[in-house]
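Asks: There's a structure below that I have some questions on.
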Amino acid sequence: MEIITSHEHTDFDGLASMLGAAKLYPGAIPVLPQRLNRNLRDFLALYRDELPFVQREDVPQGAVKVLILVDTQSFPSLKGVSRDTEVRIIDHHPQQRDLEDKANFHGGDVGSTTTLLVDQICQSRLSLSPVEATLLLLGIYEDTGSLMYSTTTPDDARSAAWLLEQGANLEVVNDFLHRPLSESQRHLYRDLVDGAEFHEFAGQTVVIASGKAEGYIEEISTLAHKLRDLYEPAALFVIVDLDVGLQLVARSNSEAIDVAEIARHFGGGGHSKAAAALIRQTTLAETRQGLLDLLEREIRPQTTVRELMSYGVHTLSPETSVLEAEEMMRRYGHEGFPVVSHGKLLGILTRREIDKALQYERQDAPIKNYMHKGEIAVAPSDAVEHLQEVMMEHDVGQVPVVESGEIIGIVTRTDLIKVWSKPRRPSRAEEMAKHVREALPPALLGLVLEASKTATEMGYSLYFVGGFVRDLLLGKPHLDIDLVVEGDAIALAKRLACLVGGRVHSHDRFGTAKLILEEEDRVVPFIDFVTARREFYEYSTALPRVERSSIKQDLYRRDFTINTMAIRLDKDSFGELLDYYGGERDLEEGLIRVLHNLSFIEDPIRMLRAVRLEQRLGFQIEQMTEELISDALEWLDRVGGERVRQELHALFQEELPVRPLRRLAVLGILHQIHPALVWDEAMEEAVAKSPAALREWQAQQVTEEPVAERQAVSRMMLYLALVSVRATARRVDDLAGRLKLPNNDAHFLEEVSRLTSVLPALADPKLTPSGIYHLLCPFSDQAIFVCRLAAEDDVIKNVLELYHRELASVKPLVDGDDLKRMGLPPGPRYREILDALRNAWLEGEIGTLEEEKALVRTMMAGQDTDVKGEA
């Protein structure tokens, strides 16, 4: 026998979940708990005949093989349940304890247990009657406050919408969720309203309502719901003095207040959002005071200002002119500044005041005439709720953060918005710490932990950032790590070098340091340390000016959201993932997205990086980002050739460079860099096969030249050379200048261009082997290979191959020493004779050493030269 049941004093979520389970497990019997809330009893009185529920006393006798518990994790006392019973728990609350072997748990981050079951019913395409759909909707609406509680999820809303499509009746739902109170309930409700107290704990508003009831009062929880809807506090505690003791009912709307934990101190229980306790042998006043003391200890801000703020705040003097303040706002991109005099906070200046002053042409006036006056500030330990109140009270979007009388940072309206717009996620610290420990070899992990410990001792914070974090989340970890320091990275690297050994190379302007490790068995040769900094550009494509900043602002200066994540390495927060800009979301969705609209104007080279990263990861450039690329193409003209060349070279280091090149062409980036950089199917085919073709080409050549001494040609230069085959000599020279190519590379492109002009002559059917040789011998084998790869004429291809395989290696057997022994004095005549010998070999006129000697003697005799000695 299989049985479905829920908790005592069950609510609509519990009852509806029993129905949902009965639809999914048609062989199981849904058994009603012994005690039901009054509104459930009323509902069943009207609709029991259309529902499958069974009273406990009507359950057949026998062993219970499967017990399905819904909306509860507490085991009821039921006949037939034994150690051999398989238990299936379905609950939207987190799993509360370890389960035995024959028990399993199914849950999810949704607002009601009913939602979990409705989702499965929908996927299974099961039909519902209007009454069934209405009861299921009651379950969702009751536990989500009609989809208005903060715990409501999109899944709850989707399930509710589907139930309405199945015929759920909203009038019935509204009627049973808002049942009129009984006479005794109304009297108690008025007492609770009159006795309600409001308290503030860590920015959370808590209501404590207490009262005394004469006789038994049913469903105090109903009164708690009404009080919660009336006051909308973060948490509500109702204490009612009954004849049998004190009844505590608690409800929470905040992740920061776990009412189950509070109730447990009074001998009760429940879950984080709803709990209760029956308290005996104490007075109402003692319980109230105990509750206040407990709340003071237990409630901590879920999110503090410290987690949102940016460090390294810029301040203005009250005597600063409006024009100077406007320039500061433009430079730093801030919408406001604290105004400070002699270390004292005097007020806040916002963009609104600046614009107003400029409108009245008061650009030379001091900002003290326009600022918000007063010590408007928050502390780093303040809750975000308090921050919100400060912003609303003073109508400002930037609030200084003050600690020990000193301004240490600033927090903005944007920071606040990101808190409530960010999807709710459980802490990832343990998960990320595990990934880090698995990714790093023990020696390197130990070094990182030592660096973190040293940073903490120096008052700094240390983070993994960028590509390492990105690839760790993608399951593709590597050892190319970057460490960002909220503090002095150079000082940290030097102290760490003293502890573990090594040398430090630093760059003071950018606050960077490279710790070069000297151990023979080191896992990596060096580790980079970077001071958390912010950058601003005096003009587009300029090198950025750098100032020390916070990790948050350091991440904001990066190119794409997926590179803006960091992992905290402090001992107390090791593994905490920082994701201020939606990097993990874009990682999951496979998107390359810039952080702001001016990103490609500040640094147009990011266009090439976007394409390289997109193709490497198999992602897609986000639509708006692609539009920003199109709008900013002309800014590429301002980027120095060396930077463009370096980024192209990096692109060609990718495993399959053809794909990003194709994408660069589609986006118009290649043409914008230089019109000679063409891309079509023929070019794509040539570039794709060029590395393998070059290896095969070199293996075919018969030459005594050592392979190591042959000129190496990078994949990028092969592409540029293929481009040069199609371009005019003037355009090739212009391309080399645009990319600031080194002299050797520029000469190579010029050589390919010259060879291209020779190619038509190779198609002449009258051209002899020696003629081929003399046309091609001035050119390097690499240049000939490029032209062979690019040639479309089969005759020219064959001639180039013939030269490469046979003709290029032909040379006389006789050398200068032989000619000297034959009596020919050194001089220009040597070259003439050796060239003639080569031509004779090429034309097939001679084929042996003796024939070669005979020809030499003939040429010498023609010059009346006596032959002395023998070859």
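Quick note on naming: the chains in the structure tokens go A, B, ... in the order shown, residues restart at 1 in each chain, and ligands are numbered from 1 in order of appearance.
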Write out as a list in words the residues lying within 9 Å of range 574-579 of chain A, counting only C-alpha atoms and excluding same-chain residues fewer than 4 positions away.

Replies: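 Once the nearby chain positions are removed, what remains is Ser427, Arg428, Ala429, Glu430, Glu431, Met432, Ala433, Lys434, His435, Val436, Val469, Lys552, Thr561, Thr564, Met565, Ala566, Ile567, Arg568, Leu569, Asp570, Gly583 and Glu584 of chain A.
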
Asks: Keeping C-alpha atoms for every residue in the selection just given, could you write it to a file as a PDB file, in the first residue's frame?

Replies:
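And here's result.pdb as it stands now:
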ATOM      1  CA  SER A 427      26.349  30.653  -1.403  1.00  0.00           C
ATOM      2  CA  ARG A 428      28.843  29.193  -3.846  1.00  0.00           C
ATOM      3  CA  ALA A 429      31.880  29.519  -1.589  1.00  0.00           C
ATOM      4  CA  GLU A 430      32.273  25.823  -0.763  1.00  0.00           C
ATOM      5  CA  GLU A 431      31.667  24.780  -4.356  1.00  0.00           C
ATOM      6  CA  MET A 432      34.159  27.294  -5.776  1.00  0.00           C
ATOM      7  CA  ALA A 433      36.761  26.498  -3.101  1.00  0.00           C
ATOM      8  CA  LYS A 434      36.483  22.823  -4.089  1.00  0.00           C
ATOM      9  CA  HIS A 435      36.969  23.709  -7.767  1.00  0.00           C
ATOM     10  CA  VAL A 436      40.038  25.805  -6.935  1.00  0.00           C
ATOM     11  CA  VAL A 469      37.693  32.225 -12.964  1.00  0.00           C
ATOM     12  CA  LYS A 552      34.615  46.092  -7.906  1.00  0.00           C
ATOM     13  CA  THR A 561      31.216  40.518 -18.494  1.00  0.00           C
ATOM     14  CA  THR A 564      34.621  40.327 -14.654  1.00  0.00           C
ATOM     15  CA  MET A 565      34.220  37.571 -12.086  1.00  0.00           C
ATOM     16  CA  ALA A 566      36.541  37.118  -9.122  1.00  0.00           C
ATOM     17  CA  ILE A 567      37.066  34.544  -6.377  1.00  0.00           C
ATOM     18  CA  ARG A 568      37.903  35.822  -2.914  1.00  0.00           C
ATOM     19  CA  LEU A 569      40.955  34.158  -1.340  1.00  0.00           C
ATOM     20  CA  ASP A 570      40.727  35.531   2.206  1.00  0.00           C
ATOM     21  CA  GLY A 583      29.281  37.398 -15.865  1.00  0.00           C
ATOM     22  CA  GLU A 584      28.032  33.985 -14.768  1.00  0.00           C
TER      23      GLU A 584
END

Asks: Give me the residues within 10 Å of range 312-316 of chain A as a PyMOL selection string, counting only C-alpha atoms and dropping any in the same chain fewer than 4 places off.

Replies: chain A and resi 320-321+324-325+328+332+334+336-341+345+347-349+367-368+400-401+407-411+533-534+547-550+553

Asks: Write a file of the selected residues as a CSV table (one decimal), in the first residue's frame, keeping N, CA, C and O atoms.

Replies:
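Contents of selection07.csv, as written:
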chain,number,residue,atom,x,y,z
A,320,THR,N,35.6,74.1,-4.9
A,320,THR,CA,35.7,73.6,-6.3
A,320,THR,C,34.7,74.3,-7.1
A,320,THR,O,33.5,74.4,-6.7
A,321,SER,N,35.0,74.7,-8.3
A,321,SER,CA,34.1,75.4,-9.2
A,321,SER,C,33.1,74.3,-9.8
A,321,SER,O,33.5,73.1,-9.9
A,324,GLU,N,34.8,72.7,-12.8
A,324,GLU,CA,35.8,71.7,-12.4
A,324,GLU,C,35.1,70.4,-12.0
A,324,GLU,O,35.6,69.3,-12.3
A,325,ALA,N,34.0,70.6,-11.2
A,325,ALA,CA,33.3,69.4,-10.8
A,325,ALA,C,32.7,68.6,-12.0
A,325,ALA,O,32.7,67.4,-12.0
A,328,MET,N,35.3,66.6,-13.5
A,328,MET,CA,35.6,65.4,-12.7
A,328,MET,C,34.5,64.3,-13.0
A,328,MET,O,34.9,63.1,-13.1
A,332,TYR,N,35.6,60.6,-14.6
A,332,TYR,CA,35.5,59.4,-13.8
A,332,TYR,C,34.2,58.7,-14.0
A,332,TYR,O,34.0,57.5,-13.6
A,334,HIS,N,31.3,59.4,-12.7
A,334,HIS,CA,30.5,59.4,-11.5
A,334,HIS,C,29.3,60.3,-11.7
A,334,HIS,O,29.4,61.3,-12.4
A,336,GLY,N,28.1,61.7,-8.8
A,336,GLY,CA,28.1,62.5,-7.6
A,336,GLY,C,29.4,62.3,-6.9
A,336,GLY,O,30.1,61.4,-7.1
A,337,PHE,N,29.7,63.3,-6.0
A,337,PHE,CA,30.9,63.3,-5.2
A,337,PHE,C,30.6,63.8,-3.8
A,337,PHE,O,29.8,64.7,-3.6
A,338,PRO,N,31.3,63.2,-2.8
A,338,PRO,CA,31.2,63.7,-1.5
A,338,PRO,C,32.0,65.1,-1.4
A,338,PRO,O,33.0,65.2,-2.1
A,339,VAL,N,31.5,66.0,-0.7
A,339,VAL,CA,32.2,67.3,-0.6
A,339,VAL,C,32.8,67.3,0.8
A,339,VAL,O,32.1,67.2,1.8
A,340,VAL,N,34.1,67.5,0.9
A,340,VAL,CA,34.9,67.3,2.2
A,340,VAL,C,35.8,68.6,2.4
A,340,VAL,O,36.4,69.1,1.4
A,341,SER,N,35.9,69.0,3.6
A,341,SER,CA,36.8,70.0,4.0
A,341,SER,C,37.5,69.6,5.3
A,341,SER,O,36.9,69.3,6.3
A,345,LEU,N,33.1,65.6,6.3
A,345,LEU,CA,32.1,65.5,5.3
A,345,LEU,C,31.1,66.6,5.4
A,345,LEU,O,30.4,66.7,6.5
A,347,GLY,N,28.8,67.4,2.7
A,347,GLY,CA,27.6,67.2,1.9
A,347,GLY,C,27.9,66.4,0.7
A,347,GLY,O,29.0,65.8,0.5
A,348,ILE,N,26.9,66.3,-0.3
A,348,ILE,CA,27.1,65.5,-1.5
A,348,ILE,C,26.7,66.4,-2.7
A,348,ILE,O,25.7,67.1,-2.6
A,349,LEU,N,27.5,66.4,-3.7
A,349,LEU,CA,27.2,67.1,-5.0
A,349,LEU,C,26.8,66.0,-6.0
A,349,LEU,O,27.5,65.1,-6.2
A,367,ILE,N,31.0,74.9,-5.6
A,367,ILE,CA,29.9,73.9,-5.5
A,367,ILE,C,29.2,73.9,-4.1
A,367,ILE,O,28.1,73.4,-4.0
A,368,LYS,N,29.8,74.6,-3.1
A,368,LYS,CA,29.2,74.6,-1.8
A,368,LYS,C,27.8,75.3,-1.9
A,368,LYS,O,26.9,75.1,-1.0
A,400,PRO,N,28.3,58.5,0.7
A,400,PRO,CA,29.6,58.1,1.2
A,400,PRO,C,29.5,57.1,2.3
A,400,PRO,O,28.5,57.0,3.0
A,401,VAL,N,30.6,56.2,2.3
A,401,VAL,CA,30.7,55.2,3.4
A,401,VAL,C,31.7,55.7,4.4
A,401,VAL,O,32.9,55.9,4.0
A,407,ILE,N,36.1,58.8,5.4
A,407,ILE,CA,35.4,58.3,4.2
A,407,ILE,C,36.2,57.3,3.5
A,407,ILE,O,37.4,57.6,3.1
A,408,ILE,N,35.7,56.1,3.5
A,408,ILE,CA,36.5,55.0,2.9
A,408,ILE,C,36.0,54.5,1.5
A,408,ILE,O,36.6,53.7,0.9
A,409,GLY,N,34.8,55.0,1.1
A,409,GLY,CA,34.2,54.6,-0.1
A,409,GLY,C,32.9,55.2,-0.4
A,409,GLY,O,32.5,56.2,0.2
A,410,ILE,N,32.2,54.7,-1.4
A,410,ILE,CA,30.9,55.2,-1.8
A,410,ILE,C,30.1,54.1,-2.3
A,410,ILE,O,30.6,53.1,-2.8
A,411,VAL,N,28.8,54.2,-2.1
A,411,VAL,CA,27.8,53.2,-2.6
A,411,VAL,C,26.7,54.0,-3.4
A,411,VAL,O,26.3,55.1,-3.0
A,533,ARG,N,42.7,48.4,-9.5
A,533,ARG,CA,42.8,49.8,-10.1
A,533,ARG,C,41.6,50.1,-11.0
A,533,ARG,O,40.9,49.3,-11.4
A,534,ARG,N,41.4,51.4,-11.2
A,534,ARG,CA,40.5,51.8,-12.2
A,534,ARG,C,41.2,52.6,-13.2
A,534,ARG,O,42.3,53.2,-13.0
A,547,GLU,N,44.5,54.6,-11.5
A,547,GLU,CA,44.4,55.0,-10.0
A,547,GLU,C,44.1,53.7,-9.2
A,547,GLU,O,43.3,52.9,-9.7
A,548,ARG,N,44.6,53.6,-8.0
A,548,ARG,CA,44.2,52.5,-7.2
A,548,ARG,C,42.7,52.6,-6.8
A,548,ARG,O,42.2,53.6,-6.6
A,549,SER,N,42.1,51.4,-6.7
A,549,SER,CA,40.7,51.4,-6.5
A,549,SER,C,40.3,50.1,-5.8
A,549,SER,O,41.2,49.4,-5.2
A,550,SER,N,39.0,49.7,-5.9
A,550,SER,CA,38.5,48.5,-5.2
A,550,SER,C,38.4,47.4,-6.2
A,550,SER,O,38.5,47.6,-7.5
A,553,GLN,N,35.6,48.1,-8.9
A,553,GLN,CA,36.0,49.0,-9.9
A,553,GLN,C,37.0,48.4,-10.8
A,553,GLN,O,37.1,48.6,-12.0

Asks: Excluding Pro604 in chain A and its own-chain neighbours fewer than 6 positions away, which residues fall within 12 Å of it when counting only C-alpha atoms? Please give them as a list in words.

Replies: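 Once the nearby chain positions are removed, what remains is Tyr539, Ser540, Thr541, Ala542, Leu543, Asp559, Val594, Asn597, Leu598, Ala610, Leu628, Ile629, Ser630, Asp631, Ala632, Leu633, Glu634, Trp635, Leu636, Asp637, Arg638, Val639, Gly640, Arg643, Val644, Glu647, Ile669, Gln672 and Ile673 of chain A.
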
Asks: For range 479-494 of chain A, list every protein, DNA or RNA residue within 9 Å, evaluated using only C-alpha atoms, and leave out those in the same chain fewer than 6 positions away; present the list as a PyMOL selection string.

Replies: chain A and resi 439-441+444+448+451+454-455+458-469+502-508+511-515+523-524+527-533+548-551+554+566

Asks: When you draw a straight line from CA of Ser17 in chain A to CA of Glu232 in chain A, how long is it in Å?

Replies: 26.7 Å

Asks: So that I can see what lies close to Leu246 in chain A, please list as a VMD selection string the residues with an atom at most 8 Å from it, counting only C-alpha atoms and leaving out residues fewer than 6 positions away in the same chain.

Replies: chain A and resid 239 to 240 278 to 280 283 to 284

Asks: Let me see the file: selected residues, C-alpha atoms, as a PDB file, in the first residue's frame.

Replies:
ATOM      1  CA  ILE A 239       2.455  35.797  21.082  1.00  0.00           C
ATOM      2  CA  VAL A 240      -0.938  34.804  22.475  1.00  0.00           C
ATOM      3  CA  LEU A 278       3.906  26.347  22.433  1.00  0.00           C
ATOM      4  CA  ILE A 279       5.695  27.895  25.416  1.00  0.00           C
ATOM      5  CA  ARG A 280       4.879  26.810  28.957  1.00  0.00           C
ATOM      6  CA  THR A 283       4.939  34.794  31.407  1.00  0.00           C
ATOM      7  CA  LEU A 284       4.119  36.786  28.298  1.00  0.00           C
TER       8      LEU A 284
END
